[in-house]
$ cat upload_38.cif   # mmCIF, C-alpha atoms and all ligand atoms
data_final
#
loop_
_atom_site.label_atom_id
_atom_site.label_comp_id
_atom_site.auth_asym_id
_atom_site.auth_seq_id
_atom_site.Cartn_x
_atom_site.Cartn_y
_atom_site.Cartn_z
CA MET A 16 98.23 72.34 12.02
CA LEU A 17 96.10 69.65 13.64
CA ALA A 18 93.76 71.91 15.66
CA THR A 19 92.00 73.47 12.71
CA ALA A 20 88.67 75.07 11.78
CA ALA A 21 85.62 72.86 12.37
CA LEU A 22 84.92 72.58 8.65
CA THR A 23 88.41 71.34 7.80
CA PHE A 24 88.32 68.96 10.74
CA SER A 25 85.16 67.34 9.47
CA GLN A 26 86.68 66.94 6.00
CA ALA A 27 89.82 65.38 7.48
CA LEU A 28 87.72 62.68 9.15
CA LEU A 29 85.69 62.09 5.99
CA ALA A 30 88.88 61.73 3.96
CA ARG A 31 89.88 58.84 6.23
CA ILE A 32 86.75 56.80 5.54
CA LEU A 33 85.85 57.57 1.91
CA ARG A 34 87.14 55.23 -0.78
CA PRO A 35 86.99 55.24 -4.60
CA GLY A 36 83.70 53.67 -5.67
CA ASP A 37 81.79 54.77 -2.55
CA ILE A 38 78.38 56.41 -2.56
CA ALA A 39 78.12 59.69 -0.64
CA VAL A 40 75.40 62.26 -0.06
CA ASP A 41 75.74 66.03 0.17
CA ALA A 42 72.55 66.93 2.03
CA THR A 43 73.03 70.70 1.58
CA ALA A 44 74.64 71.24 -1.81
CA GLY A 45 74.91 75.06 -1.56
CA ASN A 46 77.80 76.30 -3.68
CA GLY A 47 79.15 72.81 -4.30
CA HIS A 48 82.39 72.89 -2.28
CA ASP A 49 81.44 69.79 -0.30
CA ALA A 50 80.12 68.08 -3.42
CA VAL A 51 83.50 68.55 -5.14
CA PHE A 52 85.29 67.30 -2.02
CA LEU A 53 83.10 64.17 -1.89
CA ALA A 54 83.30 63.56 -5.65
CA ARG A 55 87.10 63.72 -5.56
CA HIS A 56 87.20 61.10 -2.81
CA VAL A 57 84.80 58.62 -4.43
CA ALA A 58 86.15 59.04 -8.00
CA PRO A 59 86.50 57.50 -10.49
CA ASN A 60 83.61 55.06 -10.09
CA GLY A 61 81.61 56.30 -7.09
CA LEU A 62 78.63 58.62 -6.89
CA VAL A 63 77.53 61.68 -4.90
CA HIS A 64 73.86 62.51 -4.45
CA CYS A 65 73.49 66.28 -3.90
CA LEU A 66 70.30 67.78 -2.45
CA ASP A 67 69.22 71.40 -2.08
CA ILE A 68 65.93 73.30 -2.06
CA GLN A 69 67.26 76.30 -4.00
CA PRO A 70 67.73 76.12 -7.79
CA ALA A 71 70.51 78.71 -7.48
CA ALA A 72 72.41 76.36 -5.17
CA LEU A 73 72.02 73.42 -7.54
CA ASP A 74 73.17 75.60 -10.47
CA SER A 75 76.21 76.67 -8.47
CA THR A 76 76.99 73.07 -7.48
CA ARG A 77 76.61 71.89 -11.08
CA ALA A 78 79.01 74.60 -12.29
CA ARG A 79 81.59 73.86 -9.60
CA LEU A 80 81.53 70.13 -10.31
CA ALA A 81 81.87 70.79 -14.05
CA ALA A 82 84.78 73.17 -13.51
CA ALA A 83 86.51 70.45 -11.51
CA GLY A 84 85.85 67.87 -14.24
CA LEU A 85 83.61 65.92 -11.86
CA ALA A 86 80.16 66.47 -13.41
CA ASP A 87 79.70 62.74 -14.08
CA MET A 88 80.37 61.87 -10.44
CA ALA A 89 77.20 63.50 -9.05
CA ARG A 90 73.41 63.45 -9.31
CA LEU A 91 71.67 66.67 -8.32
CA HIS A 92 68.26 66.52 -6.63
CA ASP A 93 65.94 69.49 -6.28
CA ALA A 94 64.61 68.30 -2.92
CA GLY A 95 64.69 68.96 0.81
CA HIS A 96 67.02 66.67 2.74
CA GLU A 97 64.11 65.65 4.98
CA ARG A 98 63.11 63.53 1.94
CA LEU A 99 66.57 61.96 1.73
CA GLY A 100 65.24 58.46 2.48
CA ASP A 101 63.13 58.57 -0.71
CA ILE A 102 65.54 60.57 -2.85
CA VAL A 103 68.45 58.16 -2.43
CA PRO A 104 67.55 55.34 -4.87
CA ALA A 105 66.56 52.05 -3.27
CA ALA A 106 69.66 50.38 -4.72
CA ASP A 107 71.93 52.84 -2.86
CA ARG A 108 70.19 52.71 0.54
CA GLY A 109 72.35 50.94 3.09
CA ARG A 110 75.39 51.51 0.84
CA VAL A 111 76.15 55.18 1.56
CA ARG A 112 79.57 55.70 3.16
CA ALA A 113 79.06 59.33 4.21
CA VAL A 114 76.39 62.02 4.41
CA VAL A 115 77.51 65.64 4.79
CA PHE A 116 75.38 68.46 6.22
CA ASN A 117 76.70 72.00 6.04
CA LEU A 118 73.80 73.83 7.69
CA GLY A 119 72.67 77.45 7.56
CA TYR A 120 72.12 79.61 4.47
CA LEU A 121 73.59 79.78 0.99
CA PRO A 122 76.66 82.07 1.06
CA GLY A 123 76.01 84.86 -1.45
CA GLY A 124 72.30 83.97 -1.55
CA ASP A 125 69.19 84.79 0.48
CA ALA A 126 70.30 84.63 4.13
CA THR A 127 66.71 84.14 5.28
CA VAL A 128 66.48 80.75 3.55
CA THR A 129 68.20 78.58 6.13
CA THR A 130 68.09 74.98 7.24
CA ARG A 131 65.66 74.50 10.13
CA PRO A 132 65.80 72.20 13.16
CA VAL A 133 62.61 70.27 12.34
CA THR A 134 63.71 69.34 8.81
CA THR A 135 67.35 68.93 9.82
CA LEU A 136 66.43 66.38 12.49
CA ALA A 137 64.18 64.49 10.06
CA ALA A 138 67.07 64.46 7.58
CA LEU A 139 69.61 63.23 10.12
CA GLU A 140 67.30 60.37 11.02
CA ALA A 141 66.84 59.50 7.33
CA ALA A 142 70.58 59.86 6.71
CA ARG A 143 71.63 57.38 9.35
CA ARG A 144 69.28 54.80 7.85
CA VAL A 145 70.93 54.94 4.40
CA LEU A 146 74.48 54.49 5.72
CA CYS A 147 76.47 51.32 5.16
CA PRO A 148 77.97 49.59 8.21
CA GLY A 149 80.83 51.83 9.39
CA GLY A 150 79.44 54.83 7.49
CA ALA A 151 79.40 58.34 8.94
CA LEU A 152 77.55 61.64 9.09
CA ALA A 153 79.41 64.96 9.21
CA VAL A 154 77.34 67.92 10.37
CA VAL A 155 78.68 71.48 10.39
CA CYS A 156 76.51 73.99 12.29
CA TYR A 157 76.74 77.79 12.31
CA THR A 158 75.55 79.59 15.40
CA GLY A 159 75.95 83.20 14.20
CA HIS A 160 72.69 83.64 12.23
CA PRO A 161 69.13 83.76 13.62
CA GLY A 162 68.05 80.24 14.53
CA GLY A 163 71.55 78.81 14.09
CA ALA A 164 72.30 78.33 17.78
CA ASP A 165 68.96 76.56 18.33
CA GLU A 166 69.69 74.30 15.38
CA ALA A 167 73.16 73.44 16.75
CA ARG A 168 71.58 72.58 20.11
CA ALA A 169 69.00 70.35 18.39
CA VAL A 170 71.76 68.55 16.46
CA ALA A 171 73.78 68.11 19.68
CA ALA A 172 70.76 66.61 21.47
CA TRP A 173 70.05 64.27 18.55
CA CYS A 174 73.68 63.10 18.57
CA ALA A 175 73.63 62.60 22.33
CA GLY A 176 70.56 60.37 22.02
CA LEU A 177 72.16 57.86 19.64
CA PRO A 178 72.68 54.43 21.23
CA PHE A 179 76.35 53.96 22.12
CA ALA A 180 76.35 50.30 21.10
CA ALA A 181 75.93 51.21 17.44
CA TRP A 182 77.12 54.82 17.17
CA ARG A 183 79.93 57.12 18.20
CA ALA A 184 79.07 60.82 18.10
CA ALA A 185 81.72 63.48 18.64
CA ARG A 186 81.69 67.25 18.71
CA TYR A 187 84.49 69.60 17.61
CA GLU A 188 84.83 73.36 18.03
CA LEU A 189 87.55 75.90 18.59
CA VAL A 190 87.24 77.09 22.18
CA ASN A 191 89.82 79.90 22.18
CA LYS A 192 88.73 81.82 19.07
CA PRO A 193 86.55 84.73 20.22
CA GLY A 194 83.24 84.81 18.35
CA ASP A 195 83.83 81.59 16.44
CA ALA A 196 80.43 80.39 15.33
CA ILE A 197 81.13 76.95 13.91
CA VAL A 198 80.60 73.64 15.62
CA SER A 199 81.03 70.32 13.94
CA PHE A 200 79.59 66.91 14.76
CA PHE A 201 80.89 63.60 13.47
CA VAL A 202 78.69 60.52 13.86
CA GLU A 203 80.09 57.12 12.99
CA ASN A 204 78.28 53.81 12.77
CA ILE A 205 79.85 50.86 14.59
CA PRO A 206 79.24 47.73 12.52
CA ALA A 207 77.50 44.89 14.37
CA ARG A 208 79.85 42.03 15.29
CA PRO A 209 79.06 38.76 13.54
CA ALA A 210 77.52 36.21 15.92
CA ALA A 211 80.19 33.85 17.33
N1 LIG A 301 77.63 72.48 1.30
C1 LIG A 301 77.60 73.78 0.70
C2 LIG A 301 78.90 74.10 -0.02
O1 LIG A 301 79.82 73.29 0.01
O2 LIG A 301 78.99 75.16 -0.63
C3 LIG A 301 77.17 74.87 1.65
C4 LIG A 301 75.75 74.70 2.12
S1 LIG A 301 74.96 76.18 2.64
C5 LIG A 301 75.81 76.58 4.13
C6 LIG A 301 73.40 75.59 3.21
C7 LIG A 301 72.47 75.13 2.08
O3 LIG A 301 71.39 74.40 2.67
C8 LIG A 301 71.82 76.26 1.27
O4 LIG A 301 72.18 76.16 -0.08
C9 LIG A 301 70.31 76.02 1.44
O5 LIG A 301 69.55 76.26 0.29
C10 LIG A 301 70.30 74.55 1.82
N2 LIG A 301 69.06 74.11 2.47
C11 LIG A 301 68.24 74.78 3.30
N3 LIG A 301 67.22 73.99 3.69
C12 LIG A 301 67.40 72.79 3.08
C13 LIG A 301 66.69 71.56 3.08
N4 LIG A 301 65.57 71.39 3.80
N5 LIG A 301 67.16 70.55 2.32
C14 LIG A 301 68.31 70.69 1.58
N6 LIG A 301 69.02 71.84 1.55
C15 LIG A 301 68.58 72.87 2.30
#
$ encode --input "upload_38.cif" --output "structure tokens" --more "lines below"
Ligand code: SAM
Amino acid sequence: MLATAALTFSQALLARILRPGDIAVDATAGNGHDAVFLARHVAPNGLVHCLDIQPAALDSTRARLAAAGLADMARLHDAGHERLGDIVPAADRGRVRAVVFNLGYLPGGDATVTTRPVTTLAALEAARRVLCPGGALAVVCYTGHPGGADEARAVAAWCAGLPFAAWRAARYELVNKPGDAIVSFFVENIPARPAA
């Protein structure tokens, strides 16, 4: 099935650009599903930086990576993604192939601790600055919880404001599934052409 859920769609695009040895960032580690996905695609010699503000999320991510035999592929950071520009080590800035945001709250955790537009936008701005030429951001938004629809609108506006010469920003959502609350954005850098 090609027309799939927004989450799977975003992973399908990421799978096309990630290569073994790449550096990736999971900006919302949560329960570690995305971290495992990224780690599998950059293994055996790449690295995934995982950020979250909740210790429970980092514990869950650590356990999921370990269960998948991928513990050595990731570094976990107890930090908000709005600090991503400082958290990603200087040596890795400008070398990151993909940054993944899976917004909202921690499934199974406190549903009132959610990502917020102001920090999400700061993080997106920081994320695009650490990408390598041709790198990409994948952003999955949930509109069903309080504040989620506002956040999705803020992400859409940020994407729409990116200069077309250097970026392609696309949006994906199922339009015939009643009540579907997931919208995905994929933002890809267009490498500058070498001067003739
Ligand atoms: N990617 C996760 C996975 O694969 O299981 C799911 C992420 S969950 C939907 C959203 C996560 O964002 C929560 O764990 C929450 O703690 C985290 N979060 C909220 N605000 C954050 C922030 N400012 N920086 C980083 N993570 C944040």
$ closest_residue --input "upload_38.cif" --among "A:Ala181, A:Leu121, A:Ala50, A:Ala196" --to "A:Asp87" --atoms "all atoms listed in the file"
A:Ala50
$ residues_near_point --input "upload_38.cif" --point "(70.0, 66.8, -1.2)" --cutoff "7 Å" --atoms "all atoms listed in the file" --output "JSON, numbers by chain"
{"A": [41, 42, 43, 44, 64, 65, 66, 67, 92, 94, 95, 96, 99]}
$ residues_around --input "upload_38.cif" --residues "A:Leu85" --least-positions-apart "2" --cutoff "10 Å" --atoms "all atoms listed in the file" --output "MDAnalysis selection string"
chainID A and resid 50:51 54:55 58:59 77:83 87:89
$ residues_around --input "upload_38.cif" --residues "A:Thr158" --least-positions-apart "2" --cutoff "12 Å" --atoms "all atoms listed in the file" --output "PyMOL selection string"
chain A and resi 118-120+129-130+155-156+160-170+188+194-199
$ closest_residue --input "upload_38.cif" --among "A:Val40, A:Leu177, A:Leu189, A:Val145" --to "ligand LIG 301 (chain A)" --atoms "all atoms listed in the file"
A:Val40
$ residues_around --input "upload_38.cif" --residues "A:Ala106" --least-positions-apart "5" --cutoff "12 Å" --atoms "all atoms listed in the file" --output "VMD selection string"
chain A and resid 38 100 to 101 111 145
$ write_last_selection --input "upload_38.cif" --atoms "C-alpha atoms" --output "mmCIF file, in the frame of the given file"
data_model
loop_
_atom_site.group_PDB
_atom_site.id
_atom_site.type_symbol
_atom_site.label_atom_id
_atom_site.label_comp_id
_atom_site.auth_asym_id
_atom_site.auth_seq_id
_atom_site.Cartn_x
_atom_site.Cartn_y
_atom_site.Cartn_z
ATOM 1 C CA ILE A 38 78.380 56.410 -2.560
ATOM 2 C CA GLY A 100 65.240 58.460 2.480
ATOM 3 C CA ASP A 101 63.130 58.570 -0.710
ATOM 4 C CA VAL A 111 76.150 55.180 1.560
ATOM 5 C CA VAL A 145 70.930 54.940 4.400
#
$ residues_around --input "upload_38.cif" --residues "A:Glu203" --least-positions-apart "4" --cutoff "7 Å" --atoms "all atoms listed in the file" --output "VMD selection string"
chain A and resid 149 to 152 182 to 184
$ closest_residue --input "upload_38.cif" --among "A:Phe179, A:Phe200, A:Phe24, A:Phe116" --to "ligand LIG 301 (chain A)" --atoms "only C-alpha atoms and all ligand atoms"
A:Phe116
$ axis_aligned_box --input "upload_38.cif" --around "stretch 148-155 of chain A" --padding-each-side "8 Å" --output "JSON"
{"center_x": 79.1, "center_y": 60.5, "center_z": 8.9, "size_x": 19.5, "size_y": 37.9, "size_z": 18.9}
$ atom_distance --input "upload_38.cif" --atom1 "atom CA of A:Val202" --atom2 "atom CA of A:Gln69"
26.4 Å
$ closest_residue --input "upload_38.cif" --among "A:Ala172, A:Ala207, A:Leu22, A:Ala30" --to "ligand LIG 301 (chain A)" --atoms "all atoms listed in the file"
A:Leu22
$ closest_residue --input "upload_38.cif" --among "A:Ile205, A:Leu136, A:Val190, A:Ala113" --to "A:Gly176" --atoms "all atoms listed in the file"
A:Leu136
$ decode --input "upload_38.cif" --residues "stretch 37-156 of chain A" --atoms "C-alpha atoms" --output "PDB file, in the first residue's frame"
ATOM      1  CA  ASP A  37      25.269   8.748   8.736  1.00  0.00           C
ATOM      2  CA  ILE A  38      24.560  10.928  11.743  1.00  0.00           C
ATOM      3  CA  ALA A  39      20.879  11.388  12.623  1.00  0.00           C
ATOM      4  CA  VAL A  40      18.965  13.136  15.390  1.00  0.00           C
ATOM      5  CA  ASP A  41      15.782  12.009  17.111  1.00  0.00           C
ATOM      6  CA  ALA A  42      14.530  15.313  18.526  1.00  0.00           C
ATOM      7  CA  THR A  43      11.711  13.690  20.552  1.00  0.00           C
ATOM      8  CA  ALA A  44      12.989  10.328  21.760  1.00  0.00           C
ATOM      9  CA  GLY A  45       9.772   9.256  23.548  1.00  0.00           C
ATOM     10  CA  ASN A  46       9.522   5.476  23.642  1.00  0.00           C
ATOM     11  CA  GLY A  47      12.428   4.992  21.243  1.00  0.00           C
ATOM     12  CA  HIS A  48      10.630   3.673  18.150  1.00  0.00           C
ATOM     13  CA  ASP A  49      12.094   6.373  15.912  1.00  0.00           C
ATOM     14  CA  ALA A  50      15.504   6.015  17.559  1.00  0.00           C
ATOM     15  CA  VAL A  51      15.552   2.295  16.694  1.00  0.00           C
ATOM     16  CA  PHE A  52      14.414   3.068  13.139  1.00  0.00           C
ATOM     17  CA  LEU A  53      17.192   5.652  12.707  1.00  0.00           C
ATOM     18  CA  ALA A  54      19.840   3.470  14.373  1.00  0.00           C
ATOM     19  CA  ARG A  55      19.014   0.556  12.057  1.00  0.00           C
ATOM     20  CA  HIS A  56      19.469   2.778   9.012  1.00  0.00           C
ATOM     21  CA  VAL A  57      22.797   4.328  10.054  1.00  0.00           C
ATOM     22  CA  ALA A  58      24.313   1.095  11.462  1.00  0.00           C
ATOM     23  CA  PRO A  59      26.931  -0.218  11.801  1.00  0.00           C
ATOM     24  CA  ASN A  60      29.129   2.875  12.029  1.00  0.00           C
ATOM     25  CA  GLY A  61      26.731   5.839  12.247  1.00  0.00           C
ATOM     26  CA  LEU A  62      25.284   7.632  15.250  1.00  0.00           C
ATOM     27  CA  VAL A  63      21.888   8.826  16.481  1.00  0.00           C
ATOM     28  CA  HIS A  64      21.599  11.691  18.952  1.00  0.00           C
ATOM     29  CA  CYS A  65      18.346  11.304  20.933  1.00  0.00           C
ATOM     30  CA  LEU A  66      16.852  14.200  22.899  1.00  0.00           C
ATOM     31  CA  ASP A  67      13.948  14.292  25.348  1.00  0.00           C
ATOM     32  CA  ILE A  68      12.992  16.329  28.409  1.00  0.00           C
ATOM     33  CA  GLN A  69      11.517  13.381  30.321  1.00  0.00           C
ATOM     34  CA  PRO A  70      13.788  10.857  32.081  1.00  0.00           C
ATOM     35  CA  ALA A  71      11.076   8.215  31.608  1.00  0.00           C
ATOM     36  CA  ALA A  72      11.273   8.727  27.847  1.00  0.00           C
ATOM     37  CA  LEU A  73      15.057   8.415  27.809  1.00  0.00           C
ATOM     38  CA  ASP A  74      14.839   5.250  29.944  1.00  0.00           C
ATOM     39  CA  SER A  75      12.300   3.802  27.527  1.00  0.00           C
ATOM     40  CA  THR A  76      14.440   4.734  24.515  1.00  0.00           C
ATOM     41  CA  ARG A  77      17.551   3.231  26.128  1.00  0.00           C
ATOM     42  CA  ALA A  78      15.698  -0.029  26.820  1.00  0.00           C
ATOM     43  CA  ARG A  79      14.268  -0.249  23.300  1.00  0.00           C
ATOM     44  CA  LEU A  80      17.656   0.369  21.698  1.00  0.00           C
ATOM     45  CA  ALA A  81      19.256  -2.248  23.961  1.00  0.00           C
ATOM     46  CA  ALA A  82      16.551  -4.798  23.158  1.00  0.00           C
ATOM     47  CA  ALA A  83      17.248  -4.240  19.469  1.00  0.00           C
ATOM     48  CA  GLY A  84      21.001  -4.650  20.009  1.00  0.00           C
ATOM     49  CA  LEU A  85      21.546  -1.025  18.976  1.00  0.00           C
ATOM     50  CA  ALA A  86      22.604   0.577  22.285  1.00  0.00           C
ATOM     51  CA  ASP A  87      26.029   1.524  20.900  1.00  0.00           C
ATOM     52  CA  MET A  88      24.482   3.361  17.958  1.00  0.00           C
ATOM     53  CA  ALA A  89      22.918   6.179  20.025  1.00  0.00           C
ATOM     54  CA  ARG A  90      23.759   8.947  22.481  1.00  0.00           C
ATOM     55  CA  LEU A  91      20.927  10.013  24.765  1.00  0.00           C
ATOM     56  CA  HIS A  92      20.647  13.660  25.831  1.00  0.00           C
ATOM     57  CA  ASP A  93      18.473  14.862  28.697  1.00  0.00           C
ATOM     58  CA  ALA A  94      17.689  18.152  26.973  1.00  0.00           C
ATOM     59  CA  GLY A  95      14.971  20.099  25.177  1.00  0.00           C
ATOM     60  CA  HIS A  96      15.267  20.046  21.397  1.00  0.00           C
ATOM     61  CA  GLU A  97      15.269  23.855  21.368  1.00  0.00           C
ATOM     62  CA  ARG A  98      18.894  23.404  22.537  1.00  0.00           C
ATOM     63  CA  LEU A  99      19.672  21.044  19.658  1.00  0.00           C
ATOM     64  CA  GLY A 100      22.242  23.420  18.142  1.00  0.00           C
ATOM     65  CA  ASP A 101      24.372  23.148  21.304  1.00  0.00           C
ATOM     66  CA  ILE A 102      23.624  19.520  22.115  1.00  0.00           C
ATOM     67  CA  VAL A 103      24.800  18.173  18.765  1.00  0.00           C
ATOM     68  CA  PRO A 104      28.604  18.180  19.149  1.00  0.00           C
ATOM     69  CA  ALA A 105      30.459  20.742  17.059  1.00  0.00           C
ATOM     70  CA  ALA A 106      32.096  17.952  15.043  1.00  0.00           C
ATOM     71  CA  ASP A 107      28.671  16.651  13.946  1.00  0.00           C
ATOM     72  CA  ARG A 108      27.088  20.005  13.030  1.00  0.00           C
ATOM     73  CA  GLY A 109      26.629  20.303   9.284  1.00  0.00           C
ATOM     74  CA  ARG A 110      26.976  16.504   8.983  1.00  0.00           C
ATOM     75  CA  VAL A 111      23.515  15.374  10.124  1.00  0.00           C
ATOM     76  CA  ARG A 112      21.577  13.540   7.398  1.00  0.00           C
ATOM     77  CA  ALA A 113      18.170  13.597   9.107  1.00  0.00           C
ATOM     78  CA  VAL A 114      16.372  15.051  12.120  1.00  0.00           C
ATOM     79  CA  VAL A 115      13.086  13.454  13.197  1.00  0.00           C
ATOM     80  CA  PHE A 116      10.384  15.187  15.249  1.00  0.00           C
ATOM     81  CA  ASN A 117       7.450  13.134  16.477  1.00  0.00           C
ATOM     82  CA  LEU A 118       5.535  15.835  18.346  1.00  0.00           C
ATOM     83  CA  GLY A 119       2.928  15.671  21.096  1.00  0.00           C
ATOM     84  CA  TYR A 120       3.113  13.721  24.361  1.00  0.00           C
ATOM     85  CA  LEU A 121       4.763  10.513  25.511  1.00  0.00           C
ATOM     86  CA  PRO A 122       2.379   7.597  24.835  1.00  0.00           C
ATOM     87  CA  GLY A 123       1.736   5.896  28.176  1.00  0.00           C
ATOM     88  CA  GLY A 124       3.138   8.920  30.034  1.00  0.00           C
ATOM     89  CA  ASP A 125       1.830  12.275  31.268  1.00  0.00           C
ATOM     90  CA  ALA A 126      -0.361  13.594  28.435  1.00  0.00           C
ATOM     91  CA  THR A 127      -0.031  17.154  29.728  1.00  0.00           C
ATOM     92  CA  VAL A 128       3.717  17.211  28.988  1.00  0.00           C
ATOM     93  CA  THR A 129       3.636  17.970  25.286  1.00  0.00           C
ATOM     94  CA  THR A 130       5.861  19.655  22.757  1.00  0.00           C
ATOM     95  CA  ARG A 131       4.971  23.336  22.358  1.00  0.00           C
ATOM     96  CA  PRO A 132       5.005  25.608  19.304  1.00  0.00           C
ATOM     97  CA  VAL A 133       7.563  28.080  20.674  1.00  0.00           C
ATOM     98  CA  THR A 134      10.171  25.421  21.473  1.00  0.00           C
ATOM     99  CA  THR A 135       9.282  23.321  18.438  1.00  0.00           C
ATOM    100  CA  LEU A 136       9.900  26.263  16.101  1.00  0.00           C
ATOM    101  CA  ALA A 137      13.210  27.075  17.820  1.00  0.00           C
ATOM    102  CA  ALA A 138      14.185  23.412  17.429  1.00  0.00           C
ATOM    103  CA  LEU A 139      13.239  23.269  13.747  1.00  0.00           C
ATOM    104  CA  GLU A 140      15.378  26.324  13.098  1.00  0.00           C
ATOM    105  CA  ALA A 141      18.308  24.753  14.990  1.00  0.00           C
ATOM    106  CA  ALA A 142      17.743  21.426  13.223  1.00  0.00           C
ATOM    107  CA  ARG A 143      17.986  22.814   9.726  1.00  0.00           C
ATOM    108  CA  ARG A 144      21.311  24.418  10.608  1.00  0.00           C
ATOM    109  CA  VAL A 145      22.931  21.105  11.615  1.00  0.00           C
ATOM    110  CA  LEU A 146      21.916  19.266   8.425  1.00  0.00           C
ATOM    111  CA  CYS A 147      24.419  18.250   5.786  1.00  0.00           C
ATOM    112  CA  PRO A 148      23.748  19.336   2.183  1.00  0.00           C
ATOM    113  CA  GLY A 149      20.800  17.237   0.982  1.00  0.00           C
ATOM    114  CA  GLY A 150      19.761  16.401   4.553  1.00  0.00           C
ATOM    115  CA  ALA A 151      16.136  16.349   5.690  1.00  0.00           C
ATOM    116  CA  LEU A 152      13.744  16.991   8.555  1.00  0.00           C
ATOM    117  CA  ALA A 153      10.723  14.758   9.159  1.00  0.00           C
ATOM    118  CA  VAL A 154       8.050  16.240  11.409  1.00  0.00           C
ATOM    119  CA  VAL A 155       4.983  14.289  12.522  1.00  0.00           C
ATOM    120  CA  CYS A 156       2.251  16.402  14.163  1.00  0.00           C
TER     121      CYS A 156
END
